Every structure is written in structure tokens, then in C-alpha cells.
>>> print(open('coords29.cif').read())   # mmCIF, C-alpha atoms
data_model
loop_
_atom_site.group_PDB
_atom_site.id
_atom_site.type_symbol
_atom_site.label_atom_id
_atom_site.label_comp_id
_atom_site.auth_asym_id
_atom_site.auth_seq_id
_atom_site.Cartn_x
_atom_site.Cartn_y
_atom_site.Cartn_z
ATOM 1 C CA MET A 1 24.726 8.476 -19.636
ATOM 2 C CA SER A 2 21.480 6.671 -18.936
ATOM 3 C CA ASN A 3 17.839 6.394 -19.897
ATOM 4 C CA PHE A 4 16.865 5.995 -16.245
ATOM 5 C CA THR A 5 14.672 8.889 -15.146
ATOM 6 C CA HIS A 6 16.145 9.050 -11.646
ATOM 7 C CA LEU A 7 19.753 9.443 -12.823
ATOM 8 C CA ASP A 8 21.291 12.644 -14.133
ATOM 9 C CA GLU A 9 23.759 12.844 -17.042
ATOM 10 C CA THR A 10 26.637 11.865 -14.739
ATOM 11 C CA GLY A 11 24.834 8.884 -13.243
ATOM 12 C CA GLN A 12 23.953 10.558 -9.944
ATOM 13 C CA LEU A 13 20.567 9.985 -8.322
ATOM 14 C CA ARG A 14 18.102 12.824 -8.699
ATOM 15 C CA MET A 15 14.474 13.582 -8.085
ATOM 16 C CA VAL A 16 12.636 13.816 -11.405
ATOM 17 C CA ASP A 17 11.489 17.347 -12.234
ATOM 18 C CA VAL A 18 7.736 17.099 -12.841
ATOM 19 C CA GLY A 19 7.252 20.877 -13.046
ATOM 20 C CA ALA A 20 6.414 20.872 -16.757
ATOM 21 C CA LYS A 21 3.890 18.030 -16.486
ATOM 22 C CA ALA A 22 0.185 18.801 -16.449
ATOM 23 C CA GLU A 23 -1.765 18.329 -13.249
ATOM 24 C CA THR A 24 -4.379 15.609 -13.650
ATOM 25 C CA GLN A 25 -6.633 13.529 -11.479
ATOM 26 C CA ARG A 26 -4.595 10.567 -10.217
ATOM 27 C CA TYR A 27 -5.761 7.363 -8.527
ATOM 28 C CA ALA A 28 -4.100 4.171 -7.361
ATOM 29 C CA SER A 29 -5.152 1.124 -5.383
ATOM 30 C CA ALA A 30 -2.945 -1.485 -3.775
ATOM 31 C CA THR A 31 -3.533 -4.593 -1.744
ATOM 32 C CA CYS A 32 -1.751 -6.652 0.855
ATOM 33 C CA ARG A 33 -2.687 -9.781 2.806
ATOM 34 C CA VAL A 34 -1.922 -10.679 6.415
ATOM 35 C CA LEU A 35 -2.122 -14.342 7.380
ATOM 36 C CA VAL A 36 -3.050 -14.136 11.065
ATOM 37 C CA GLY A 37 -3.664 -17.838 11.721
ATOM 38 C CA PRO A 38 -6.346 -19.763 13.609
ATOM 39 C CA LYS A 39 -5.325 -18.489 17.050
ATOM 40 C CA VAL A 40 -5.554 -14.765 16.194
ATOM 41 C CA PHE A 41 -8.366 -14.760 13.624
ATOM 42 C CA PRO A 42 -11.316 -15.333 16.009
ATOM 43 C CA LEU A 43 -9.955 -12.762 18.480
ATOM 44 C CA LEU A 44 -9.512 -10.263 15.675
ATOM 45 C CA GLN A 45 -13.045 -10.847 14.419
ATOM 46 C CA ALA A 46 -14.490 -10.490 17.925
ATOM 47 C CA GLY A 47 -12.458 -7.363 18.703
ATOM 48 C CA ARG A 48 -10.840 -9.072 21.706
ATOM 49 C CA LEU A 49 -7.136 -8.561 21.091
ATOM 50 C CA PRO A 50 -5.163 -7.202 24.061
ATOM 51 C CA LYS A 51 -3.899 -4.060 22.308
ATOM 52 C CA GLY A 52 -7.377 -2.763 21.397
ATOM 53 C CA ASP A 53 -9.075 -1.775 18.148
ATOM 54 C CA VAL A 54 -6.876 -3.291 15.437
ATOM 55 C CA TRP A 55 -8.995 -1.966 12.566
ATOM 56 C CA ALA A 56 -8.902 1.660 13.749
ATOM 57 C CA ALA A 57 -5.166 1.538 14.420
ATOM 58 C CA ALA A 58 -4.355 -0.096 11.066
ATOM 59 C CA ARG A 59 -6.632 2.266 9.121
ATOM 60 C CA LEU A 60 -5.094 5.345 10.742
ATOM 61 C CA ALA A 61 -1.566 3.991 10.226
ATOM 62 C CA GLY A 62 -2.280 3.367 6.528
ATOM 63 C CA ILE A 63 -3.655 6.882 6.045
ATOM 64 C CA MET A 64 -0.694 8.420 7.850
ATOM 65 C CA ALA A 65 1.716 6.306 5.781
ATOM 66 C CA ALA A 66 0.174 7.490 2.514
ATOM 67 C CA LYS A 67 0.494 11.102 3.661
ATOM 68 C CA ASN A 68 4.164 10.589 4.585
ATOM 69 C CA THR A 69 5.367 8.432 1.684
ATOM 70 C CA ALA A 70 7.821 11.075 0.449
ATOM 71 C CA GLN A 71 9.558 10.928 3.844
ATOM 72 C CA LEU A 72 9.978 7.152 3.538
ATOM 73 C CA ILE A 73 10.744 6.561 -0.147
ATOM 74 C CA PRO A 74 13.727 8.770 -1.051
ATOM 75 C CA LEU A 75 12.818 9.963 -4.566
ATOM 76 C CA CYS A 76 9.044 10.298 -4.179
ATOM 77 C CA HIS A 77 7.433 13.709 -4.503
ATOM 78 C CA THR A 78 5.392 15.218 -1.708
ATOM 79 C CA LEU A 79 1.794 15.183 -2.942
ATOM 80 C CA PRO A 80 -1.393 16.907 -1.827
ATOM 81 C CA LEU A 81 -3.608 13.869 -1.289
ATOM 82 C CA SER A 82 -7.313 14.442 -1.761
ATOM 83 C CA GLY A 83 -8.386 11.091 -0.346
ATOM 84 C CA VAL A 84 -7.111 7.906 1.266
ATOM 85 C CA GLU A 85 -9.308 4.899 2.022
ATOM 86 C CA ILE A 86 -8.263 1.690 3.735
ATOM 87 C CA ASP A 87 -10.579 -1.339 3.796
ATOM 88 C CA PHE A 88 -10.211 -4.733 5.440
ATOM 89 C CA THR A 89 -11.811 -7.943 4.235
ATOM 90 C CA PRO A 90 -11.606 -10.932 6.575
ATOM 91 C CA GLU A 91 -10.856 -14.221 4.811
ATOM 92 C CA PRO A 92 -11.988 -16.909 7.300
ATOM 93 C CA ASP A 93 -11.040 -19.855 5.080
ATOM 94 C CA GLN A 94 -7.419 -18.640 5.044
ATOM 95 C CA TYR A 95 -7.352 -17.102 8.550
ATOM 96 C CA ALA A 96 -6.297 -13.918 6.791
ATOM 97 C CA VAL A 97 -7.155 -10.272 6.266
ATOM 98 C CA LEU A 98 -7.042 -8.634 2.851
ATOM 99 C CA ILE A 99 -6.157 -4.948 2.959
ATOM 100 C CA GLN A 100 -7.033 -2.563 0.144
ATOM 101 C CA ALA A 101 -5.703 0.991 0.023
ATOM 102 C CA ARG A 102 -7.078 3.589 -2.395
ATOM 103 C CA VAL A 103 -5.406 6.983 -2.862
ATOM 104 C CA ARG A 104 -6.428 10.039 -4.904
ATOM 105 C CA THR A 105 -4.780 13.331 -5.801
ATOM 106 C CA TYR A 106 -4.822 16.077 -8.400
ATOM 107 C CA ALA A 107 -1.128 16.479 -9.176
ATOM 108 C CA ARG A 108 1.742 16.167 -11.654
ATOM 109 C CA THR A 109 2.728 12.652 -10.627
ATOM 110 C CA GLY A 110 0.956 9.487 -9.559
ATOM 111 C CA VAL A 111 0.083 7.961 -6.200
ATOM 112 C CA GLU A 112 1.109 4.333 -6.719
ATOM 113 C CA MET A 113 3.791 4.504 -4.032
ATOM 114 C CA GLU A 114 1.356 6.123 -1.605
ATOM 115 C CA ALA A 115 -1.177 3.313 -2.111
ATOM 116 C CA LEU A 116 1.488 0.611 -1.721
ATOM 117 C CA THR A 117 2.924 2.288 1.368
ATOM 118 C CA ALA A 118 -0.533 2.644 2.924
ATOM 119 C CA ALA A 119 -1.304 -1.059 2.419
ATOM 120 C CA ALA A 120 2.112 -2.141 3.742
ATOM 121 C CA VAL A 121 1.970 -0.013 6.876
ATOM 122 C CA ALA A 122 -1.620 -1.077 7.595
ATOM 123 C CA ALA A 123 -0.382 -4.688 7.393
ATOM 124 C CA LEU A 124 2.556 -3.953 9.697
ATOM 125 C CA THR A 125 0.170 -2.364 12.180
ATOM 126 C CA ILE A 126 -2.050 -5.444 12.156
ATOM 127 C CA TYR A 127 1.067 -7.488 12.901
ATOM 128 C CA ASP A 128 2.024 -5.175 15.743
ATOM 129 C CA MET A 129 -1.465 -5.247 17.247
ATOM 130 C CA CYS A 130 -1.645 -9.075 17.074
ATOM 131 C CA LYS A 131 1.908 -10.126 17.995
ATOM 132 C CA ALA A 132 1.082 -10.404 21.707
ATOM 133 C CA VAL A 133 -1.065 -13.433 20.810
ATOM 134 C CA ASP A 134 1.070 -14.914 18.019
ATOM 135 C CA ARG A 135 4.304 -13.714 16.407
ATOM 136 C CA GLY A 136 3.899 -16.108 13.481
ATOM 137 C CA LEU A 137 1.776 -13.797 11.320
ATOM 138 C CA VAL A 138 2.793 -13.512 7.662
ATOM 139 C CA ILE A 139 2.511 -10.418 5.477
ATOM 140 C CA LYS A 140 2.373 -11.217 1.766
ATOM 141 C CA ASP A 141 1.056 -10.244 -1.656
ATOM 142 C CA LEU A 142 1.754 -6.496 -1.557
ATOM 143 C CA LEU A 143 0.922 -5.285 -5.051
ATOM 144 C CA LEU A 144 -0.504 -2.497 -7.150
ATOM 145 C CA LEU A 145 -4.011 -3.312 -8.370
ATOM 146 C CA GLU A 146 -4.625 -0.311 -10.587
ATOM 147 C CA LYS A 147 -3.700 3.266 -11.333
ATOM 148 C CA SER A 148 -5.165 6.000 -13.478
ATOM 149 C CA GLY A 149 -4.156 9.447 -14.662
ATOM 150 C CA GLY A 150 -1.013 10.878 -16.149
ATOM 151 C CA ALA A 151 0.826 10.470 -19.416
ATOM 152 C CA SER A 152 1.440 6.742 -18.943
ATOM 153 C CA GLY A 153 -2.314 6.119 -18.864
ATOM 154 C CA ASP A 154 -4.282 3.581 -16.923
ATOM 155 C CA TYR A 155 -3.076 0.265 -15.540
ATOM 156 C CA ARG A 156 -5.082 -2.624 -14.170
ATOM 157 C CA ARG A 157 -3.367 -5.784 -12.893
ATOM 158 C CA PRO A 158 -4.559 -8.768 -14.919
ATOM 159 C CA GLU A 159 -6.313 -11.387 -12.798
ATOM 160 C CA THR A 160 -4.037 -14.091 -14.180
ATOM 161 C CA SER A 161 -0.969 -12.339 -12.772
ATOM 162 C CA LEU A 162 -2.281 -12.950 -9.250
ATOM 163 C CA GLU A 163 -2.258 -16.674 -9.940
ATOM 164 C CA THR A 164 1.303 -16.422 -11.270
ATOM 165 C CA LEU A 165 2.412 -14.609 -8.104
ATOM 166 C CA SER A 166 1.070 -17.377 -5.878
ATOM 167 C CA GLN A 167 3.618 -19.768 -7.410
ATOM 168 C CA PHE A 168 6.359 -17.867 -5.573
ATOM 169 C CA GLY A 169 5.098 -18.129 -2.095
#
>>> encode(input="coords29.cif", output="C-alpha cells")
Amino acid sequence: MSNFTHLDETGQLRMVDVGAKAETQRYASATCRVLVGPKVFPLLQAGRLPKGDVWAAARLAGIMAAKNTAQLIPLCHTLPLSGVEIDFTPEPDQYAVLIQARVRTYARTGVEMEALTAAAVAALTIYDMCKAVDRGLVIKDLLLLEKSGGASGDYRRPETSLETLSQFG
């Protein structure tokens, strides 16, 4: 009926059977940006927000999100993650924080969704930790930076595509 991998011959949704695929080292990194604004940014940098340690909370939330991606995204496989890293880069000129999530596994399917989920949930946690000061924060630019491993090979987002994305928002 369809060439879509997540549909069976009758058009019903299904989880792809990856049992016959070889286990390989898999890696993915994703990024997301939170525009916190001039009111929140100095408090965030100084560690003086009312809810406490934003970085620790957001890092832990991102790690937990990566580990639980299959519970959030319906057709994702549960994967044995071998590593999850979440880093934050303050961007003072934009009153923003850039989040990067990196996820690794040795499995039959990739970890792109885990990296994207980790970055998104870390961003949501930053919002939650900062909203007492300003509810006007903006979460944007959630995207896959790169992935490696598996039959589809490696992927690296071209730098020019980031410029193209900025035209939309």
C-alpha cells in the first residue's frame, strides 16, 4: 500500500522491526536556543533566579528526556543509551542560551529523536525555571546538527541551512 516505513500493508501505523539490522555505534547531536531577554539573562548568568540552579535542572531534565524518548514519541524504539551530554552556551549579545545535546548508543537504530528531545526538554526546563521573572521567553531553532552510524550513513547540517532557517522566524 505504501512506501512509508511506519505503515503496514493495510496502511495501519506500526513500529518498524529493526531486529534484522546490525548493531552499530550511533551518535546524534541537536541544538535549541532559548531567548531569555535582558531582564532574565543577568540573573541567569549570576545564578540568582528564584527557582534555583537552572543549569543543573535543565541538564538533568535533558538527560531524563533522552532516556524516556520512546515514552514520548509513539513509534520510537527504547534504546540503551551509553551517553548523554547537555551543554549550555550563553549568548550575551542576543540575551540567549544555546543548548547542545549529544547522545550515543550501540544499537540497531539511531538516536536523533533522543538528541532532539533532550534539547527541547532542556529548553522547556529553562523556561520553567525563569518564568517567575519573565514569561516572555522564546524557544526556537530546535534542529538536528549531525548523526552518525547505521545504514543511512552520516549526516551533518550544512552551515548555510542555518541561515535559511533564520528567514522563517
>>> atom_distance(input="coords29.cif", atom1="CA of Pro90 in chain A", atom2="CA of Met64 in chain A")
22.3 Å
>>> resolve_selection(input="coords29.cif", expression="the PyMOL selection byres ((chain A and resi 150) around 10)", output="PyMOL selection string")
chain A and resi 21-27+107-110+147-149+151-154
>>> resolve_selection(input="coords29.cif", expression="the PyMOL selection byres ((chain A and resi 60) around 12)", output="mmCIF file with C-alpha atoms, keeping the file's coordinate frame")
data_model
loop_
_atom_site.group_PDB
_atom_site.id
_atom_site.type_symbol
_atom_site.label_atom_id
_atom_site.label_comp_id
_atom_site.auth_asym_id
_atom_site.auth_seq_id
_atom_site.Cartn_x
_atom_site.Cartn_y
_atom_site.Cartn_z
ATOM 1 C CA ASP A 53 -9.075 -1.775 18.148
ATOM 2 C CA VAL A 54 -6.876 -3.291 15.437
ATOM 3 C CA TRP A 55 -8.995 -1.966 12.566
ATOM 4 C CA ALA A 56 -8.902 1.660 13.749
ATOM 5 C CA ALA A 57 -5.166 1.538 14.420
ATOM 6 C CA ALA A 58 -4.355 -0.096 11.066
ATOM 7 C CA ARG A 59 -6.632 2.266 9.121
ATOM 8 C CA ALA A 61 -1.566 3.991 10.226
ATOM 9 C CA GLY A 62 -2.280 3.367 6.528
ATOM 10 C CA ILE A 63 -3.655 6.882 6.045
ATOM 11 C CA MET A 64 -0.694 8.420 7.850
ATOM 12 C CA ALA A 65 1.716 6.306 5.781
ATOM 13 C CA ALA A 66 0.174 7.490 2.514
ATOM 14 C CA LYS A 67 0.494 11.102 3.661
ATOM 15 C CA VAL A 84 -7.111 7.906 1.266
ATOM 16 C CA GLU A 85 -9.308 4.899 2.022
ATOM 17 C CA ILE A 86 -8.263 1.690 3.735
ATOM 18 C CA ASP A 87 -10.579 -1.339 3.796
ATOM 19 C CA ALA A 101 -5.703 0.991 0.023
ATOM 20 C CA ALA A 118 -0.533 2.644 2.924
ATOM 21 C CA ALA A 119 -1.304 -1.059 2.419
ATOM 22 C CA VAL A 121 1.970 -0.013 6.876
ATOM 23 C CA ALA A 122 -1.620 -1.077 7.595
ATOM 24 C CA ALA A 123 -0.382 -4.688 7.393
ATOM 25 C CA THR A 125 0.170 -2.364 12.180
ATOM 26 C CA ILE A 126 -2.050 -5.444 12.156
#
>>> closest_residue(input="coords29.cif", among="A:Pro42, A:Leu137, A:Met113, A:Leu49", to="Thr69 in chain A", atoms="all atoms listed in the file")
A:Met113
>>> atom_distance(input="coords29.cif", atom1="CA of Asp128 in chain A", atom2="CA of Pro92 in chain A")
20.1 Å
>>> resolve_selection(input="coords29.cif", expression="the PyMOL selection byres ((chain A and resi 29-37) around 6)", output="PyMOL selection string")
chain A and resi 28+38-41+95-102+115-116+119+137-146
>>> atom_distance(input="coords29.cif", atom1="CA of Gly83 in chain A", atom2="CA of Val103 in chain A")
5.7 Å
>>> axis_aligned_box(input="coords29.cif", around="range 47-55 of chain A", padding_each_side="4 Å", output="lines of an AutoDock Vina configuration file")
center_x = -8.2
center_y = -5.4
center_z = 18.3
size_x = 16.6
size_y = 15.3
size_z = 19.5
>>> closest_residue(input="coords29.cif", among="A:Cys130, A:Leu44, A:Met15, A:Leu79", to="Tyr106 in chain A", atoms="all atoms listed in the file")
A:Leu79
>>> build_atoms(input="coords29.cif", residues="range 136-150 of chain A", atoms="N, CA and C atoms", output="CSV table (one decimal), in the coordinates of the input")
chain,number,residue,atom,x,y,z
A,136,GLY,N,3.7,-15.4,14.7
A,136,GLY,CA,3.9,-16.1,13.5
A,136,GLY,C,3.1,-15.6,12.3
A,137,LEU,N,2.5,-14.4,12.4
A,137,LEU,CA,1.8,-13.8,11.3
A,137,LEU,C,2.7,-13.6,10.1
A,138,VAL,N,2.1,-13.7,8.9
A,138,VAL,CA,2.8,-13.5,7.7
A,138,VAL,C,2.1,-12.4,6.8
A,139,ILE,N,3.0,-11.5,6.4
A,139,ILE,CA,2.5,-10.4,5.5
A,139,ILE,C,3.0,-10.8,4.1
A,140,LYS,N,2.0,-10.8,3.1
A,140,LYS,CA,2.4,-11.2,1.8
A,140,LYS,C,1.5,-10.5,0.7
A,141,ASP,N,1.9,-10.7,-0.5
A,141,ASP,CA,1.1,-10.2,-1.7
A,141,ASP,C,0.8,-8.7,-1.7
A,142,LEU,N,1.9,-7.9,-1.4
A,142,LEU,CA,1.8,-6.5,-1.6
A,142,LEU,C,1.9,-6.2,-3.0
A,143,LEU,N,0.9,-5.6,-3.6
A,143,LEU,CA,0.9,-5.3,-5.1
A,143,LEU,C,0.0,-4.2,-5.5
A,144,LEU,N,0.3,-3.5,-6.6
A,144,LEU,CA,-0.5,-2.5,-7.2
A,144,LEU,C,-1.6,-3.2,-7.9
A,145,LEU,N,-2.9,-2.8,-7.6
A,145,LEU,CA,-4.0,-3.3,-8.4
A,145,LEU,C,-4.3,-2.5,-9.6
A,146,GLU,N,-4.3,-1.2,-9.4
A,146,GLU,CA,-4.6,-0.3,-10.6
A,146,GLU,C,-4.1,1.1,-10.3
A,147,LYS,N,-4.0,1.8,-11.4
A,147,LYS,CA,-3.7,3.3,-11.3
A,147,LYS,C,-4.3,3.9,-12.5
A,148,SER,N,-4.6,5.2,-12.4
A,148,SER,CA,-5.2,6.0,-13.5
A,148,SER,C,-4.6,7.4,-13.4
A,149,GLY,N,-4.6,8.1,-14.6
A,149,GLY,CA,-4.2,9.4,-14.7
A,149,GLY,C,-2.7,9.5,-15.1
A,150,GLY,N,-2.4,10.7,-15.7
A,150,GLY,CA,-1.0,10.9,-16.1
A,150,GLY,C,-0.8,10.4,-17.6
